[in-house]
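Data first, discussion second: the structure below is written as structure tokens.
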Amino acid sequence: MTIVIKTSEDIAKMRIAGRLASEVLDYITPHVVPGVTTEALDKLCADYMRDVQGTIAAPLNYCPPGYTPYPKSICTSVNNVICHGIPNDKPLKNGDIVNLDITVIKDGYHGDTSRTFLIGDKVLPHAKRLVQVTYDCMWLGIDQVKPGAHLGDIGAAIQKYAEKAGFSVVREFCGHGIGQVFHEEPQVVHYGKAGTGIELVPGMIFTIEPMINAGKRELKAQPDGWTIVTKDRSLSAQWEHTILVTETGYEVLTVSAGTPPRPERYLLD
Ligand code: MF3
Ligand code: CO
Ligand code: CO
């Protein structure tokens, strides 16, 4: 029930796990095209993690209290799916948006990161705007991270920007502490009030992973017990990084050659 402050040995291993998770996204990127099934993407990622990286896919058989074991190695959340979409045999269509969420375990440590991809050349402007605003939200949250800041500063920055864009923030799922455990304290919610919540301390590691809906924030679970969709069927986007609190600010741990650059300027400024 307490927040684990990571040692320099822990941090060195979290850097490796974070880079490897991001490298799975780099590897899969050229395959994320119209006509491919999310099941095929899952298989490619599973093989890459096992055979090339020597990592373990953390989602496979992951079974939090009240859940059935997660059946695949990655999460693939298409269009109105908010999170935890299970790879299936339905081909991606030109114009879809899809979040691929990768969590690897290397040497006992977890790296957790996701990106939202635009499929083909027919993604509508309002969908592109949602994906970009969500990316901005993640980075506005990351920019709050430094010793002495509060967890609420992250949520407040994200909520303010998402709502200014006319979008809504998902409440029921949030970022999380991460290390030798996949989901540990603290919970990092993506809404709230600046100055509230625990104070950040060097050595904390947690994810920031806003889920932003184009419509209302309400959600519902599908009968499979995992897939979470928007209740109003509106589009939803998500981006995720794993972040270390340093003495002076933050370090993004989920970085690799293909990591998209941070925004040069924010869309709504
Ligand atoms: N990777 C997700 C997160 O960011 C968790 C997925 S749990 C799974 O926290 F079982 F659905 F894979
Ligand atoms: Co996460
Ligand atoms: Co994730």
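Ordered as shown in the structure tokens, chains take letters A, B, and onward, while each chain numbers its residues from 1 and ligands are numbered from 1 in the order shown.
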Which residues form the shell of 9 Å around ligand 2 when you count only C-alpha atoms and all ligand atoms, given as an mmCIF file with all heavy atoms, in the first residue's frame?
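Saved to selection04.cif:
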```cif
data_model
loop_
_atom_site.group_PDB
_atom_site.id
_atom_site.type_symbol
_atom_site.label_atom_id
_atom_site.label_comp_id
_atom_site.auth_asym_id
_atom_site.auth_seq_id
_atom_site.Cartn_x
_atom_site.Cartn_y
_atom_site.Cartn_z
ATOM 1 N N ASP A 101 -0.971 -0.778 -27.224
ATOM 2 C CA ASP A 101 -0.414 -0.618 -25.876
ATOM 3 C C ASP A 101 0.456 -1.831 -25.567
ATOM 4 O O ASP A 101 -0.021 -2.973 -25.589
ATOM 5 C CB ASP A 101 -1.553 -0.470 -24.865
ATOM 6 C CG ASP A 101 -1.070 0.007 -23.499
ATOM 7 O OD1 ASP A 101 0.133 -0.110 -23.205
ATOM 8 O OD2 ASP A 101 -1.920 0.486 -22.721
ATOM 9 N N ILE A 102 1.737 -1.545 -25.296
ATOM 10 C CA ILE A 102 2.737 -2.596 -25.113
ATOM 11 C C ILE A 102 3.282 -2.532 -23.694
ATOM 12 O O ILE A 102 3.718 -1.458 -23.247
ATOM 13 C CB ILE A 102 3.933 -2.367 -26.080
ATOM 14 C CG1 ILE A 102 3.479 -2.229 -27.532
ATOM 15 C CG2 ILE A 102 4.990 -3.455 -25.880
ATOM 16 C CD1 ILE A 102 2.899 -3.465 -28.140
ATOM 17 N N THR A 103 3.290 -3.645 -23.005
ATOM 18 C CA THR A 103 4.001 -3.720 -21.732
ATOM 19 C C THR A 103 4.900 -4.947 -21.749
ATOM 20 O O THR A 103 4.419 -6.073 -21.937
ATOM 21 C CB THR A 103 3.037 -3.802 -20.535
ATOM 22 O OG1 THR A 103 2.042 -2.785 -20.674
ATOM 23 C CG2 THR A 103 3.780 -3.611 -19.223
ATOM 24 N N GLY A 111 8.113 -2.138 -18.564
ATOM 25 C CA GLY A 111 8.072 -0.913 -19.365
ATOM 26 C C GLY A 111 6.725 -0.872 -20.069
ATOM 27 O O GLY A 111 6.303 -1.880 -20.657
ATOM 28 N N ASP A 112 6.022 0.273 -19.998
ATOM 29 C CA ASP A 112 4.622 0.357 -20.440
ATOM 30 C C ASP A 112 4.454 1.613 -21.289
ATOM 31 O O ASP A 112 4.684 2.729 -20.795
ATOM 32 C CB ASP A 112 3.743 0.404 -19.182
ATOM 33 C CG ASP A 112 2.256 0.298 -19.440
ATOM 34 O OD1 ASP A 112 1.850 0.048 -20.594
ATOM 35 O OD2 ASP A 112 1.495 0.453 -18.462
ATOM 36 N N THR A 113 4.056 1.441 -22.555
ATOM 37 C CA THR A 113 3.908 2.604 -23.436
ATOM 38 C C THR A 113 2.898 2.319 -24.528
ATOM 39 O O THR A 113 2.733 1.166 -24.940
ATOM 40 C CB THR A 113 5.279 3.005 -24.049
ATOM 41 O OG1 THR A 113 5.142 4.199 -24.812
ATOM 42 C CG2 THR A 113 5.846 1.918 -24.946
ATOM 43 N N SER A 114 2.206 3.369 -24.983
ATOM 44 C CA SER A 114 1.275 3.183 -26.096
ATOM 45 C C SER A 114 1.291 4.403 -27.010
ATOM 46 O O SER A 114 1.652 5.504 -26.596
ATOM 47 C CB SER A 114 -0.136 2.905 -25.580
ATOM 48 O OG SER A 114 -0.807 4.084 -25.222
ATOM 49 N N CYS A 174 -6.653 4.953 -15.265
ATOM 50 C CA CYS A 174 -5.685 6.014 -14.978
ATOM 51 C C CYS A 174 -4.261 5.493 -15.140
ATOM 52 O O CYS A 174 -4.039 4.299 -15.361
ATOM 53 C CB CYS A 174 -5.916 6.529 -13.563
ATOM 54 S SG CYS A 174 -5.795 5.265 -12.300
ATOM 55 N N GLY A 175 -3.298 6.404 -15.011
ATOM 56 C CA GLY A 175 -1.901 6.003 -14.945
ATOM 57 C C GLY A 175 -1.611 5.359 -13.589
ATOM 58 O O GLY A 175 -2.455 5.364 -12.694
ATOM 59 N N HIS A 176 -0.398 4.845 -13.446
ATOM 60 C CA HIS A 176 -0.095 3.995 -12.288
ATOM 61 C C HIS A 176 1.397 3.921 -12.041
ATOM 62 O O HIS A 176 2.198 3.971 -12.976
ATOM 63 C CB HIS A 176 -0.630 2.570 -12.551
ATOM 64 C CG HIS A 176 -0.209 2.029 -13.894
ATOM 65 N ND1 HIS A 176 0.927 1.270 -14.056
ATOM 66 C CD2 HIS A 176 -0.724 2.189 -15.147
ATOM 67 C CE1 HIS A 176 1.063 0.972 -15.345
ATOM 68 N NE2 HIS A 176 0.077 1.522 -16.045
ATOM 69 N N GLY A 177 1.756 3.746 -10.758
ATOM 70 C CA GLY A 177 3.125 3.379 -10.446
ATOM 71 C C GLY A 177 3.462 2.068 -11.127
ATOM 72 O O GLY A 177 2.581 1.251 -11.415
ATOM 73 N N ILE A 178 4.748 1.879 -11.421
ATOM 74 C CA ILE A 178 5.185 0.688 -12.162
ATOM 75 C C ILE A 178 6.642 0.399 -11.812
ATOM 76 O O ILE A 178 7.410 1.329 -11.546
ATOM 77 C CB ILE A 178 4.976 0.907 -13.681
ATOM 78 C CG1 ILE A 178 5.342 -0.332 -14.495
ATOM 79 C CG2 ILE A 178 5.725 2.156 -14.185
ATOM 80 C CD1 ILE A 178 4.884 -0.268 -15.951
ATOM 81 N N PHE A 182 3.356 -4.520 -12.245
ATOM 82 C CA PHE A 182 2.754 -3.872 -13.423
ATOM 83 C C PHE A 182 1.980 -2.621 -12.990
ATOM 84 O O PHE A 182 2.209 -1.522 -13.490
ATOM 85 C CB PHE A 182 1.849 -4.899 -14.120
ATOM 86 C CG PHE A 182 1.326 -4.553 -15.494
ATOM 87 C CD1 PHE A 182 0.706 -5.546 -16.263
ATOM 88 C CD2 PHE A 182 1.442 -3.281 -16.037
ATOM 89 C CE1 PHE A 182 0.215 -5.271 -17.531
ATOM 90 C CE2 PHE A 182 0.947 -2.987 -17.311
ATOM 91 C CZ PHE A 182 0.327 -3.989 -18.047
ATOM 92 N N HIS A 183 1.031 -2.807 -12.077
ATOM 93 C CA HIS A 183 0.209 -1.686 -11.603
ATOM 94 C C HIS A 183 0.389 -1.559 -10.097
ATOM 95 O O HIS A 183 -0.065 -2.415 -9.344
ATOM 96 C CB HIS A 183 -1.268 -1.912 -11.943
ATOM 97 C CG HIS A 183 -1.545 -1.895 -13.425
ATOM 98 N ND1 HIS A 183 -1.812 -3.047 -14.138
ATOM 99 C CD2 HIS A 183 -1.576 -0.887 -14.316
ATOM 100 C CE1 HIS A 183 -2.008 -2.723 -15.424
ATOM 101 N NE2 HIS A 183 -1.863 -1.429 -15.552
ATOM 102 N N PHE A 206 6.092 6.335 -12.646
ATOM 103 C CA PHE A 206 4.679 6.072 -12.932
ATOM 104 C C PHE A 206 4.398 6.370 -14.392
ATOM 105 O O PHE A 206 5.192 7.029 -15.071
ATOM 106 C CB PHE A 206 3.765 6.891 -12.011
ATOM 107 C CG PHE A 206 4.073 8.351 -11.941
ATOM 108 C CD1 PHE A 206 3.697 9.219 -12.965
ATOM 109 C CD2 PHE A 206 4.760 8.877 -10.849
ATOM 110 C CE1 PHE A 206 3.977 10.570 -12.899
ATOM 111 C CE2 PHE A 206 5.063 10.238 -10.770
ATOM 112 C CZ PHE A 206 4.673 11.080 -11.806
ATOM 113 N N THR A 207 3.253 5.873 -14.852
ATOM 114 C CA THR A 207 2.835 6.151 -16.226
ATOM 115 C C THR A 207 1.907 7.366 -16.243
ATOM 116 O O THR A 207 1.218 7.658 -15.269
ATOM 117 C CB THR A 207 2.087 4.964 -16.854
ATOM 118 O OG1 THR A 207 0.808 4.834 -16.221
ATOM 119 C CG2 THR A 207 2.863 3.660 -16.711
ATOM 120 N N ILE A 208 1.904 8.039 -17.383
ATOM 121 C CA ILE A 208 0.886 9.049 -17.702
ATOM 122 C C ILE A 208 0.267 8.580 -19.003
ATOM 123 O O ILE A 208 0.986 8.372 -19.995
ATOM 124 C CB ILE A 208 1.507 10.452 -17.811
ATOM 125 C CG1 ILE A 208 2.118 10.862 -16.461
ATOM 126 C CG2 ILE A 208 0.451 11.472 -18.271
ATOM 127 C CD1 ILE A 208 2.799 12.229 -16.460
ATOM 128 N N GLU A 209 -1.037 8.314 -19.010
ATOM 129 C CA GLU A 209 -1.669 7.637 -20.150
ATOM 130 C C GLU A 209 -3.108 8.096 -20.364
ATOM 131 O O GLU A 209 -4.043 7.293 -20.284
ATOM 132 C CB GLU A 209 -1.595 6.127 -19.966
ATOM 133 C CG GLU A 209 -2.074 5.594 -18.618
ATOM 134 C CD GLU A 209 -1.989 4.059 -18.550
ATOM 135 O OE1 GLU A 209 -2.637 3.397 -19.380
ATOM 136 O OE2 GLU A 209 -1.284 3.539 -17.671
ATOM 137 N N GLU A 240 0.710 6.869 -24.040
ATOM 138 C CA GLU A 240 1.273 6.507 -22.724
ATOM 139 C C GLU A 240 2.784 6.503 -22.747
ATOM 140 O O GLU A 240 3.401 5.935 -23.654
ATOM 141 C CB GLU A 240 0.782 5.099 -22.334
ATOM 142 C CG GLU A 240 1.388 4.593 -21.006
ATOM 143 C CD GLU A 240 0.824 3.246 -20.553
ATOM 144 O OE1 GLU A 240 0.327 2.486 -21.404
ATOM 145 O OE2 GLU A 240 0.903 2.977 -19.341
ATOM 146 N N HIS A 241 3.372 7.108 -21.717
ATOM 147 C CA HIS A 241 4.802 6.963 -21.423
ATOM 148 C C HIS A 241 4.975 6.548 -19.968
ATOM 149 O O HIS A 241 4.128 6.859 -19.117
ATOM 150 C CB HIS A 241 5.552 8.279 -21.626
ATOM 151 C CG HIS A 241 6.068 8.509 -23.013
ATOM 152 N ND1 HIS A 241 6.785 7.557 -23.718
ATOM 153 C CD2 HIS A 241 6.013 9.604 -23.812
ATOM 154 C CE1 HIS A 241 7.141 8.055 -24.904
ATOM 155 N NE2 HIS A 241 6.672 9.283 -24.995
ATOM 156 N N THR A 242 6.107 5.906 -19.681
ATOM 157 C CA THR A 242 6.544 5.622 -18.316
ATOM 158 C C THR A 242 7.584 6.677 -17.940
ATOM 159 O O THR A 242 8.545 6.898 -18.685
ATOM 160 C CB THR A 242 7.146 4.206 -18.233
ATOM 161 O OG1 THR A 242 6.162 3.237 -18.604
ATOM 162 C CG2 THR A 242 7.637 3.905 -16.824
#
```
Original post:
Could you name the residues that touch region 115-129 of chain A at 6 Å or less, counting only C-alpha atoms, but leaving out those on the same chain fewer than 3 positions away, as a ChimeraX atom specification?
Top reply: /A:33-34,94-100,132-133,239
What are the nearest atom pairs, with distances in Å to one decimal, for all residues of region 64-156 of chain A that come at most 12 Å from region 243-253 of chain A, using only C-alpha atoms, set out by chain and rising residue number as CSV?
```
residue,atom,partner,partner_atom,distance
A:His110,CA,A:Leu253,CA,10.6
A:Gly111,CA,A:Leu253,CA,7.8
A:Asp112,CA,A:Leu253,CA,9.2
A:Thr113,CA,A:Leu253,CA,9.4
A:Met138,CA,A:Ile243,CA,11.1
A:Trp139,CA,A:Val252,CA,10.5
A:Gly141,CA,A:Ile243,CA,10.5
A:Ile142,CA,A:Ile243,CA,7.7
A:Asp143,CA,A:Tyr250,CA,8.1
A:Gln144,CA,A:Gly249,CA,8.3
A:Val145,CA,A:Gly249,CA,5.8
A:Lys146,CA,A:Gly249,CA,3.9
A:Pro147,CA,A:Gly249,CA,6.5
A:Gly148,CA,A:Gly249,CA,9.6
A:Ala149,CA,A:Gly249,CA,9.5
A:His150,CA,A:Val245,CA,11.6
A:Leu151,CA,A:Val245,CA,11.5
```
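For the residues A:Gln180, A:Ser236, A:Thr29, A:Ser77, ranking by smallest atom-to-atom distance to ligand 3 using only C-alpha atoms and all ligand atoms places A:Ser77 first.
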Original post:
Would you give me, as an MDAnalysis selection string, the residues in region 40-249 of chain A that DSSP reads as helix (DSSP H, G or I)?
Top reply: chainID A and resid 40:53 125:142 151:164
Subject >> Backbone DSSP call of strand (DSSP E) for region 63-104 of chain A, listed as a list in words >> reply: Cys75, Thr76, Ser77, Val78, Val81, Ile82, Cys83, Ile97, Val98, Asn99, Leu100, Asp101, Ile102, Thr103 and Val104 of chain A
Subject >> Closest of A:Pro210, A:Gly197, A:Pro69, A:Pro186 to ligand 3 - atom-to-atom distances counting only C-alpha atoms and all ligand atoms >> reply: A:Pro210
**OP:** Quick one: everything within 10 Å of Lys43 (chain A), counting only C-alpha atoms, minus sequence neighbours fewer than 3 positions away in the same chain. Send it as a list in words.
**Re:** Thr38, Glu39, Ala40, Ala46, Asp47, Tyr48, Met49, Lys72, Ser73, Ile74 and Pro87 of chain A
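One distance worth recording is that between CA of Ile228 (chain A) and CA of Ala156 (chain A), which is 23.5 Å.
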